[in-house]
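As provided, protein-v2.tsv (TSV, C-alpha atoms) reads as follows.
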```tsv
chain	number	residue	atom	x	y	z
A	52	MET	CA	-16.78	-60.53	13.02
A	53	LYS	CA	-15.59	-61.54	16.43
A	54	ARG	CA	-16.95	-59.87	19.51
A	55	GLY	CA	-14.86	-56.95	20.49
A	56	GLU	CA	-13.33	-56.57	17.12
A	57	MET	CA	-13.89	-53.31	15.47
A	58	VAL	CA	-14.36	-52.45	11.90
A	59	PHE	CA	-12.13	-49.56	11.19
A	60	ILE	CA	-13.80	-46.47	10.11
A	61	LYS	CA	-14.55	-45.83	6.46
A	62	GLU	CA	-15.75	-42.36	5.54
A	63	ASP	CA	-17.86	-41.10	8.42
A	64	THR	CA	-19.84	-44.19	9.21
A	65	ILE	CA	-19.60	-45.53	12.71
A	66	CYS	CA	-20.11	-49.29	12.77
A	67	MET	CA	-20.20	-50.65	16.25
A	68	CYS	CA	-20.36	-54.36	16.76
A	69	CYS	CA	-19.95	-54.72	20.51
A	70	ASN	CA	-21.37	-53.09	23.55
A	71	PHE	CA	-18.51	-52.52	25.91
A	72	LYS	CA	-18.77	-49.03	27.28
A	73	GLU	CA	-15.15	-48.36	26.71
A	74	ILE	CA	-15.49	-49.42	23.11
A	75	PHE	CA	-17.89	-46.53	22.69
A	76	TYR	CA	-15.30	-44.10	23.95
A	77	VAL	CA	-12.61	-45.76	21.88
A	78	VAL	CA	-14.75	-45.44	18.80
A	79	LEU	CA	-15.34	-41.81	19.54
A	80	ALA	CA	-11.64	-41.30	20.02
A	81	ILE	CA	-10.81	-43.02	16.79
A	82	HIS	CA	-13.47	-41.01	15.04
A	83	PHE	CA	-11.77	-37.82	16.09
A	84	PHE	CA	-8.33	-39.12	15.20
A	85	ASP	CA	-9.53	-40.45	11.90
A	86	PHE	CA	-10.90	-37.09	10.95
A	87	ARG	CA	-7.60	-35.50	11.76
A	88	ILE	CA	-5.60	-38.23	10.07
A	89	ARG	CA	-7.69	-37.88	6.94
A	90	ALA	CA	-7.22	-34.18	6.84
A	91	ALA	CA	-3.57	-34.35	7.80
A	92	SER	CA	-2.53	-37.14	5.50
A	93	ALA	CA	-4.34	-35.64	2.56
A	94	PHE	CA	-1.56	-33.12	2.21
A	95	LYS	CA	1.99	-33.29	3.36
A	96	GLY	CA	2.63	-31.04	6.30
A	97	SER	CA	3.73	-28.26	4.07
A	98	SER	CA	4.51	-25.59	6.55
A	99	ALA	CA	7.06	-24.64	9.14
A	100	LEU	CA	6.53	-23.20	12.56
A	101	GLY	CA	5.68	-19.58	12.58
A	102	ALA	CA	3.88	-17.58	10.04
A	103	GLY	CA	6.48	-17.19	7.35
A	104	VAL	CA	4.47	-19.17	4.82
A	105	LEU	CA	2.46	-17.69	2.02
A	106	HIS	CA	-1.12	-17.19	3.18
A	107	ALA	CA	-2.46	-19.33	0.38
A	108	SER	CA	-5.07	-20.89	2.57
A	109	ARG	CA	-6.70	-17.66	3.65
A	110	SER	CA	-9.41	-16.83	1.22
A	111	LEU	CA	-8.14	-14.56	-1.48
A	112	HIS	CA	-10.56	-12.23	-3.22
A	113	THR	CA	-13.17	-14.87	-3.71
A	114	SER	CA	-16.11	-12.66	-2.84
A	115	GLN	CA	-17.07	-9.32	-4.23
A	116	GLN	CA	-16.18	-7.54	-1.05
A	117	SER	CA	-12.56	-8.14	-0.13
A	118	LEU	CA	-11.49	-7.59	3.44
A	119	ALA	CA	-8.79	-5.07	2.85
A	120	PRO	CA	-6.84	-4.65	5.03
A	121	LEU	CA	-6.51	-8.35	5.79
A	122	PRO	CA	-7.28	-9.29	9.39
A	123	PRO	CA	-4.08	-9.86	11.38
A	124	LEU	CA	-2.87	-13.38	12.07
A	125	PRO	CA	-4.06	-14.87	15.34
A	126	GLU	CA	-1.46	-14.67	18.06
A	127	LYS	CA	-1.45	-18.29	19.17
A	128	GLY	CA	-2.64	-21.45	17.51
A	129	GLY	CA	-5.23	-23.78	18.86
A	130	LYS	CA	-4.21	-25.10	22.23
A	131	VAL	CA	-2.79	-28.60	22.19
A	132	ARG	CA	-2.19	-30.59	25.33
A	133	TYR	CA	0.99	-32.64	25.59
A	134	GLY	CA	1.74	-31.66	22.02
A	135	LEU	CA	-0.60	-34.30	20.66
A	136	ILE	CA	-4.21	-33.85	21.73
A	137	PRO	CA	-6.17	-30.67	21.01
A	138	GLU	CA	-7.69	-28.94	23.95
A	139	GLU	CA	-11.16	-29.18	22.40
A	140	PHE	CA	-11.20	-32.88	23.14
A	141	PHE	CA	-10.76	-32.25	26.84
A	142	GLN	CA	-13.45	-29.57	26.76
A	143	PHE	CA	-15.75	-31.90	24.88
A	144	LEU	CA	-15.54	-34.55	27.60
A	145	TYR	CA	-15.51	-32.17	30.54
A	146	PRO	CA	-19.28	-31.78	31.10
A	147	LYS	CA	-19.87	-35.51	31.24
A	148	THR	CA	-16.71	-36.83	32.83
A	149	GLY	CA	-14.97	-33.95	34.54
A	150	VAL	CA	-11.28	-33.29	34.46
A	151	THR	CA	-10.02	-36.87	34.65
A	152	GLY	CA	-12.34	-38.15	31.92
A	153	PRO	CA	-9.93	-37.94	29.00
A	154	TYR	CA	-7.12	-39.41	31.09
A	155	MET	CA	-9.26	-42.38	32.07
A	156	LEU	CA	-10.21	-42.72	28.46
A	157	GLY	CA	-6.57	-42.70	27.50
A	158	THR	CA	-5.68	-45.28	30.15
A	159	GLY	CA	-8.53	-47.54	29.13
A	160	LEU	CA	-7.63	-47.20	25.52
A	161	LEU	CA	-4.01	-48.06	26.21
A	162	THR	CA	-4.98	-51.05	28.29
A	163	TYR	CA	-7.29	-52.29	25.60
A	164	LEU	CA	-4.73	-51.84	22.86
A	165	LEU	CA	-2.07	-53.63	24.85
A	166	SER	CA	-4.24	-56.44	26.14
A	167	LYS	CA	-5.73	-57.30	22.81
A	168	GLU	CA	-2.33	-56.76	21.24
A	169	ILE	CA	-3.67	-54.34	18.76
A	170	TYR	CA	-0.51	-52.49	19.64
A	171	VAL	CA	2.25	-55.08	19.59
A	172	ILE	CA	5.36	-54.60	21.70
A	173	ASN	CA	8.36	-55.47	19.63
A	174	HIS	CA	11.77	-54.07	18.83
A	175	GLU	CA	10.13	-51.04	17.28
A	176	THR	CA	8.62	-50.14	20.62
A	177	VAL	CA	12.06	-49.91	22.17
A	178	ALA	CA	13.30	-47.82	19.28
A	179	ALA	CA	10.26	-45.56	19.45
A	180	ALA	CA	10.66	-45.13	23.19
A	181	SER	CA	14.33	-44.15	22.90
A	182	ILE	CA	13.69	-41.73	20.07
A	183	GLY	CA	10.67	-40.34	21.91
A	184	ILE	CA	12.75	-39.67	25.02
A	185	ILE	CA	15.43	-37.90	23.04
A	186	ILE	CA	12.92	-35.84	21.10
A	187	ILE	CA	11.05	-34.79	24.20
A	188	TYR	CA	14.25	-33.93	26.00
A	189	GLY	CA	15.45	-31.89	23.04
A	190	ILE	CA	12.19	-30.02	22.72
A	191	LYS	CA	11.95	-29.28	26.40
A	192	LYS	CA	15.49	-28.02	26.55
A	193	TYR	CA	15.90	-26.11	23.31
A	194	GLY	CA	12.33	-25.32	22.40
A	195	PRO	CA	12.06	-21.85	23.93
A	196	SER	CA	15.38	-20.63	22.53
A	197	VAL	CA	14.58	-21.86	19.02
A	198	ALA	CA	11.16	-20.28	19.27
A	199	ALA	CA	12.71	-16.99	20.38
A	200	PHE	CA	15.17	-17.09	17.50
A	201	ILE	CA	12.47	-17.70	14.92
A	202	ASP	CA	10.32	-15.01	16.48
A	203	LYS	CA	13.23	-12.62	16.16
A	204	LEU	CA	13.54	-13.44	12.46
A	205	ASN	CA	9.85	-12.83	12.01
A	206	GLU	CA	10.10	-9.59	13.96
A	207	GLU	CA	12.80	-8.36	11.63
A	208	LYS	CA	10.73	-9.15	8.57
A	209	VAL	CA	7.70	-7.47	10.02
A	210	ALA	CA	9.78	-4.50	11.09
A	211	LYS	CA	11.11	-4.07	7.58
A	212	ALA	CA	7.65	-4.21	6.09
A	213	GLN	CA	6.41	-1.84	8.76
A	214	GLU	CA	9.23	0.54	7.94
A	215	VAL	CA	8.30	0.55	4.30
A	216	LYS	CA	4.71	1.14	5.23
A	217	ASP	CA	5.67	3.96	7.62
A	218	THR	CA	7.83	5.64	5.01
A	219	ALA	CA	5.05	5.41	2.49
A	220	MET	CA	2.58	6.82	5.02
A	221	LYS	CA	4.92	9.67	5.81
A	222	CYS	CA	5.40	10.49	2.16
A	223	LEU	CA	1.69	10.45	1.57
A	224	ASP	CA	1.10	12.60	4.65
A	225	GLN	CA	3.66	15.05	3.36
A	226	ALA	CA	1.96	15.07	-0.02
A	227	VAL	CA	-1.40	15.73	1.63
A	228	GLN	CA	0.06	18.59	3.62
A	229	ASN	CA	1.66	20.06	0.53
A	230	GLU	CA	-1.64	19.83	-1.27
A	231	LYS	CA	-3.40	21.59	1.59
A	232	LYS	CA	-0.72	24.29	1.52
A	233	GLU	CA	-1.27	24.76	-2.18
A	234	GLN	CA	-4.96	25.04	-1.59
A	235	TRP	CA	-4.30	27.67	1.05
A	236	ARG	CA	-2.08	29.49	-1.41
A	237	VAL	CA	-4.90	29.56	-3.91
A	238	ASP	CA	-6.82	31.76	-1.49
A	239	GLY	CA	-4.27	34.51	-2.09
A	240	ARG	CA	-4.88	34.56	-5.78
A	241	HIS	CA	-6.65	37.95	-5.60
A	242	MET	CA	-3.39	39.50	-4.40
A	243	LEU	CA	-1.60	37.96	-7.33
A	244	PHE	CA	-4.16	39.28	-9.74
A	245	ASP	CA	-4.05	42.73	-8.19
A	246	ALA	CA	-0.29	42.85	-8.67
A	247	LYS	CA	-0.68	41.72	-12.26
A	248	ARG	CA	-3.36	44.27	-12.86
A	249	ASN	CA	-1.11	46.96	-11.43
A	250	ASN	CA	1.64	45.88	-13.76
A	251	VAL	CA	-0.60	46.04	-16.75
A	252	ALA	CA	-1.93	49.45	-15.76
A	253	MET	CA	1.58	50.74	-15.38
A	254	LEU	CA	2.57	49.47	-18.78
A	255	LEU	CA	-0.42	51.12	-20.34
A	256	GLU	CA	0.42	54.37	-18.56
A	257	ILE	CA	3.99	54.22	-19.73
A	258	ASN	CA	2.91	53.62	-23.26
A	259	PHE	CA	0.41	56.43	-23.12
A	260	ARG	CA	2.99	58.87	-21.81
A	261	GLU	CA	5.54	57.83	-24.37
A	262	ARG	CA	3.12	58.52	-27.13
A	263	LEU	CA	2.10	61.81	-25.59
A	264	HIS	CA	5.73	62.78	-25.47
A	265	MET	CA	6.21	61.81	-29.05
A	266	VAL	CA	3.16	63.74	-30.13
A	267	THR	CA	4.36	66.83	-28.29
A	268	ASN	CA	7.76	66.59	-29.91
A	269	GLU	CA	6.35	66.22	-33.36
A	270	VAL	CA	3.95	69.09	-32.93
A	271	LYS	CA	6.77	71.26	-31.58
A	272	LYS	CA	8.90	70.40	-34.54
A	273	ARG	CA	6.18	71.32	-36.94
A	274	LEU	CA	5.57	74.63	-35.20
A	275	ASP	CA	9.31	75.43	-35.06
A	276	TYR	CA	9.47	74.81	-38.74
A	277	GLN	CA	6.69	77.22	-39.39
A	278	ILE	CA	8.37	79.87	-37.24
A	279	ASP	CA	11.65	79.40	-39.03
A	280	VAL	CA	9.97	79.67	-42.34
A	281	GLN	CA	8.34	82.94	-41.33
A	282	ASN	CA	11.59	84.36	-39.98
A	283	LEU	CA	13.39	83.39	-43.08
A	284	LYS	CA	10.78	85.01	-45.22
A	285	LYS	CA	10.95	88.27	-43.27
A	286	ARG	CA	14.74	88.35	-43.41
A	287	MET	CA	14.80	87.68	-47.05
A	288	GLU	CA	12.30	90.39	-47.71
A	289	GLN	CA	14.34	92.85	-45.62
A	290	GLU	CA	17.58	92.05	-47.31
A	291	HIS	CA	16.06	92.10	-50.67
A	292	MET	CA	14.51	95.51	-49.96
A	293	ILE	CA	17.82	96.94	-48.71
A	294	ASN	CA	19.68	95.65	-51.68
A	295	TRP	CA	17.13	97.00	-54.05
A	296	VAL	CA	17.15	100.41	-52.33
A	297	GLU	CA	20.95	100.57	-52.37
A	298	LYS	CA	21.09	99.55	-55.95
A	299	ASN	CA	18.55	102.14	-56.94
A	300	VAL	CA	20.27	104.84	-54.99
A	301	VAL	CA	23.60	104.05	-56.49
A	302	ARG	CA	22.00	103.92	-59.92
A	303	SER	CA	20.35	107.23	-59.36
A	304	ILE	CA	23.59	108.99	-58.62
A	305	THR	CA	24.55	110.02	-62.26
A	306	PRO	CA	28.10	110.78	-63.13
A	307	GLN	CA	27.15	114.43	-63.44
A	308	GLN	CA	25.85	114.62	-59.95
A	309	GLU	CA	28.81	112.68	-58.77
A	310	LYS	CA	31.25	115.28	-60.26
A	311	GLU	CA	29.28	118.16	-58.82
A	312	SER	CA	29.12	116.60	-55.42
A	313	ILE	CA	32.83	115.85	-55.45
A	314	ALA	CA	33.62	119.45	-56.51
A	315	LYS	CA	31.32	120.73	-53.76
A	316	CYS	CA	33.01	118.52	-51.25
A	317	ILE	CA	36.42	119.78	-52.34
A	318	SER	CA	35.31	123.44	-52.08
A	319	ASP	CA	33.73	122.77	-48.72
A	320	LEU	CA	36.92	121.17	-47.54
A	321	LYS	CA	38.99	124.13	-48.79
A	322	ILE	CA	36.74	126.53	-46.96
A	323	LEU	CA	36.93	124.47	-43.86
A	324	ALA	CA	40.67	124.27	-44.11
A	325	LYS	CA	40.88	128.04	-44.51
A	326	ALA	CA	38.62	128.50	-41.51
A	327	THR	CA	40.65	126.20	-39.41
A	328	GLN	CA	43.89	127.75	-40.56
A	329	ALA	CA	42.58	131.14	-39.67
A	330	ARG	CA	41.43	129.99	-36.31
A	331	ALA	CA	44.76	128.40	-35.64
A	332	THR	CA	46.80	131.55	-36.35
A	333	VAL	CA	44.57	133.66	-34.20
B	182	MET	CA	-31.55	-24.08	19.82
B	183	ALA	CA	-32.71	-24.20	16.22
B	184	ASP	CA	-32.50	-20.53	15.41
B	185	LYS	CA	-33.05	-21.00	11.72
B	186	PRO	CA	-33.77	-24.11	9.72
B	187	VAL	CA	-30.49	-25.25	8.24
B	188	THR	CA	-30.58	-27.90	5.55
B	189	ILE	CA	-29.00	-31.22	6.41
B	190	ALA	CA	-26.35	-30.92	3.77
B	191	GLN	CA	-24.90	-27.78	5.29
B	192	LYS	CA	-24.58	-29.11	8.81
B	193	ARG	CA	-21.22	-30.16	10.02
B	194	LEU	CA	-20.79	-33.79	10.97
B	195	LEU	CA	-20.66	-33.17	14.70
B	196	ASP	CA	-24.00	-31.36	14.57
B	197	VAL	CA	-25.78	-34.11	12.69
B	198	LYS	CA	-28.01	-36.24	14.87
B	199	LEU	CA	-27.63	-40.00	14.63
B	200	ALA	CA	-31.07	-40.43	13.10
B	201	GLU	CA	-30.26	-37.95	10.34
B	202	LEU	CA	-26.98	-39.64	9.53
B	203	PRO	CA	-28.07	-41.61	6.43
B	204	THR	CA	-29.72	-38.50	5.01
B	205	TRP	CA	-26.57	-36.59	5.66
B	206	MET	CA	-24.48	-39.27	3.99
B	207	THR	CA	-26.58	-39.20	0.84
B	208	SER	CA	-26.52	-35.44	0.66
B	209	CYS	CA	-22.73	-35.44	0.62
B	210	ASP	CA	-21.00	-34.34	-2.53
B	211	PHE	CA	-18.99	-37.31	-3.79
B	212	THR	CA	-17.94	-35.92	-7.13
B	213	PRO	CA	-14.18	-35.53	-7.57
B	214	ASN	CA	-14.61	-31.81	-7.30
B	215	GLY	CA	-16.59	-32.23	-4.13
B	216	ILE	CA	-14.03	-34.55	-2.60
B	217	LEU	CA	-11.21	-32.22	-3.54
B	218	SER	CA	-13.02	-29.25	-2.10
B	219	ALA	CA	-13.73	-31.19	1.10
B	220	MET	CA	-10.05	-32.02	1.40
B	221	ARG	CA	-9.15	-28.43	0.69
B	222	ARG	CA	-11.56	-27.24	3.36
B	223	GLY	CA	-10.18	-29.68	5.92
B	224	HIS	CA	-6.65	-28.66	5.12
B	225	ASP	CA	-7.54	-24.98	5.40
B	226	ARG	CA	-9.20	-25.48	8.76
B	227	TYR	CA	-6.22	-27.31	10.20
B	228	TYR	CA	-3.71	-24.95	8.65
B	229	ASN	CA	-5.41	-21.79	9.81
B	230	LYS	CA	-5.94	-23.12	13.30
B	231	TYR	CA	-2.56	-24.57	14.14
B	232	ILE	CA	0.07	-23.41	11.67
B	233	ASN	CA	-0.84	-20.03	10.16
B	234	VAL	CA	-0.42	-18.13	13.43
B	235	LYS	CA	2.14	-15.76	14.80
B	236	LYS	CA	3.50	-18.01	17.54
B	237	GLY	CA	2.78	-21.56	16.51
B	238	GLY	CA	3.60	-24.32	18.92
B	239	ILE	CA	4.91	-27.83	18.57
B	240	GLY	CA	1.35	-29.14	18.39
B	241	GLY	CA	0.89	-28.04	14.80
B	242	ILE	CA	3.28	-30.47	13.18
B	243	SER	CA	3.49	-32.96	16.03
B	244	MET	CA	-0.15	-33.84	15.53
B	245	LEU	CA	0.50	-34.39	11.84
B	246	LEU	CA	3.51	-36.58	12.58
B	247	ALA	CA	1.65	-38.56	15.22
B	248	GLY	CA	-1.15	-39.08	12.76
B	249	TYR	CA	1.35	-40.29	10.19
B	250	VAL	CA	2.88	-42.68	12.70
B	251	ILE	CA	-0.50	-44.11	13.63
B	252	LEU	CA	-1.58	-44.41	10.01
B	253	SER	CA	1.58	-46.20	9.01
B	254	TYR	CA	1.13	-48.55	11.99
B	255	ILE	CA	-2.38	-49.30	10.78
B	256	TRP	CA	-1.11	-49.99	7.27
B	257	GLU	CA	1.61	-52.28	8.57
B	258	TYR	CA	-0.62	-54.08	11.07
B	259	ASP	CA	-0.96	-57.19	8.98
B	260	HIS	CA	2.78	-57.52	9.03
B	261	ILE	CA	3.19	-56.61	12.71
B	262	LYS	CA	0.50	-59.16	13.65
B	263	HIS	CA	3.13	-61.84	13.42
B	264	ASP	CA	5.16	-60.31	16.28
B	265	ARG	CA	2.37	-60.83	18.77
B	266	TRP	CA	3.32	-62.43	22.07
B	267	ARG	CA	0.18	-64.52	22.50
B	268	LYS	CA	-1.99	-66.28	20.04
B	269	TYR	CA	-5.31	-65.93	21.82
B	270	HIS	CA	-6.49	-62.73	23.45
```
So that I can check it, write out the structure of this file as structure tokens.
Amino acid sequence: MKRGEMVFIKEDTICMCCNFKEIFYVVLAIHFFDFRIRAASAFKGSSALGAGVLHASRSLHTSQQSLAPLPPLPEKGGKVRYGLIPEEFFQFLYPKTGVTGPYMLGTGLLTYLLSKEIYVINHETVAAASIGIIIIYGIKKYGPSVAAFIDKLNEEKVAKAQEVKDTAMKCLDQAVQNEKKEQWRVDGRHMLFDAKRNNVAMLLEINFRERLHMVTNEVKKRLDYQIDVQNLKKRMEQEHMINWVEKNVVRSITPQQEKESIAKCISDLKILAKATQARATV
Amino acid sequence: MADKPVTIAQKRLLDVKLAELPTWMTSCDFTPNGILSAMRRGHDRYYNKYINVKKGGIGGISMLLAGYVILSYIWEYDHIKHDRWRKYH
């Protein structure tokens, strides 16, 4: 191994074979980058900007106690400076080197890479520079508007979901209120039972009076019958007696008596006629 | 600042002291399952920090792309070596 050459990092071992101070910083830098490269290159960058992706990475119900409702997504991601270097790196170096530390580190690193031609300037550099300029220009110019557009899309999705949730909440609230109202109505059940009891009492009364009425009618009918029977009996006895008396009387008048009575009547009539005649001439 | 004794295996790499490094290395889980779970954990950390947020920035994917660029440069270095301007540095 030549002096100054570095063994690139395998796993997490740091093998240093030279003692330049800047090499130490470079190794640290590469250590950080390597960690990120390892993690980043392990999977393809499978997500777009924004939070429209399935939350497969947040722990599903792996533990007994599930955090329901899920905690909301963080507002902003980890801060990244110049779009490439996370802010934590700057904070990590701040206590020892102040604000310019990482920039000096970057300058030293660049100088080292260029001078030792670990980064070779060839046609690709020109291509990369041109593309880099265009990309940065595009992002600076159109970044905010694209971000606003995507945010609007997200807002619409969230608003729809929120609407569904609000409707459901309202329905449930309504159901709860209805339930409470029903419970309040239950308190009036004694009035309901009183009314029912009144109804039943009235029916019983009606029935009782109907039967009373019927009983009276029947008894009256029976008594009327008895009266009629008695009247009939009396009448029949009377008539029978009269008939029998007449018949006996008529039978008792013998022909003899009849002739005598007729002769008497005729003589009486003659006398009467004579009397009247006499009175008339006088 | 040792509030409670944490075993070496559970410490994260940045908290491991240099002297404990070999112990830490041996206590790593190098089974396929372990490697897969380590990759899954790394992915989750990155994803939840930079991408799975309400207003993600350019940093989320740009860091991944930059990492890809650097990695592909490293893989191609043996080929790019021949474009060097000077033989001796």
Just to confirm, what's the straight-line distance from atom CA of Arg132 of chain A to atom CA of Leu144 of chain A in Å (one decimal)? 14.1 Å
Would you kindly report the residues of chain B within 8 Å of chain A, using all atoms listed in the file, as a VMD selection string? chain B and resid 220 223 to 225 227 to 245 247 to 249 252 261 to 262 264 to 266 270
What is the atom CA of Ala119 of chain A to atom CA of Glu230 of chain A distance in Å?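 One can read the atom CA of Ala119 of chain A to atom CA of Glu230 of chain A distance as 26.2 Å.
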When you draw a straight line from atom CA of Pro146 of chain A to atom CA of Ala200 of chain B, how long is it in Å?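 Value for the atom CA of Pro146 of chain A-atom CA of Ala200 of chain B distance: 23.2 Å.
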Produce the centre coordinates and the three edge lengths, each in Å to one decimal, of the box along x, y and z that contains all listed atoms of segment 244-258 of chain B with 5 Å added on each side, as lines of an AutoDock Vina configuration file.
```
center_x = 0.6
center_y = -44.0
center_z = 11.4
size_x = 15.9
size_y = 30.2
size_z = 18.3
```
Selected residue, from A:Ala246, A:Phe143, A:Glu214, A:Leu223, that lies nearest to Leu195 of chain B when counting all atoms listed in the file: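 Selected residue with least distance to Leu195 of chain B: A:Phe143.
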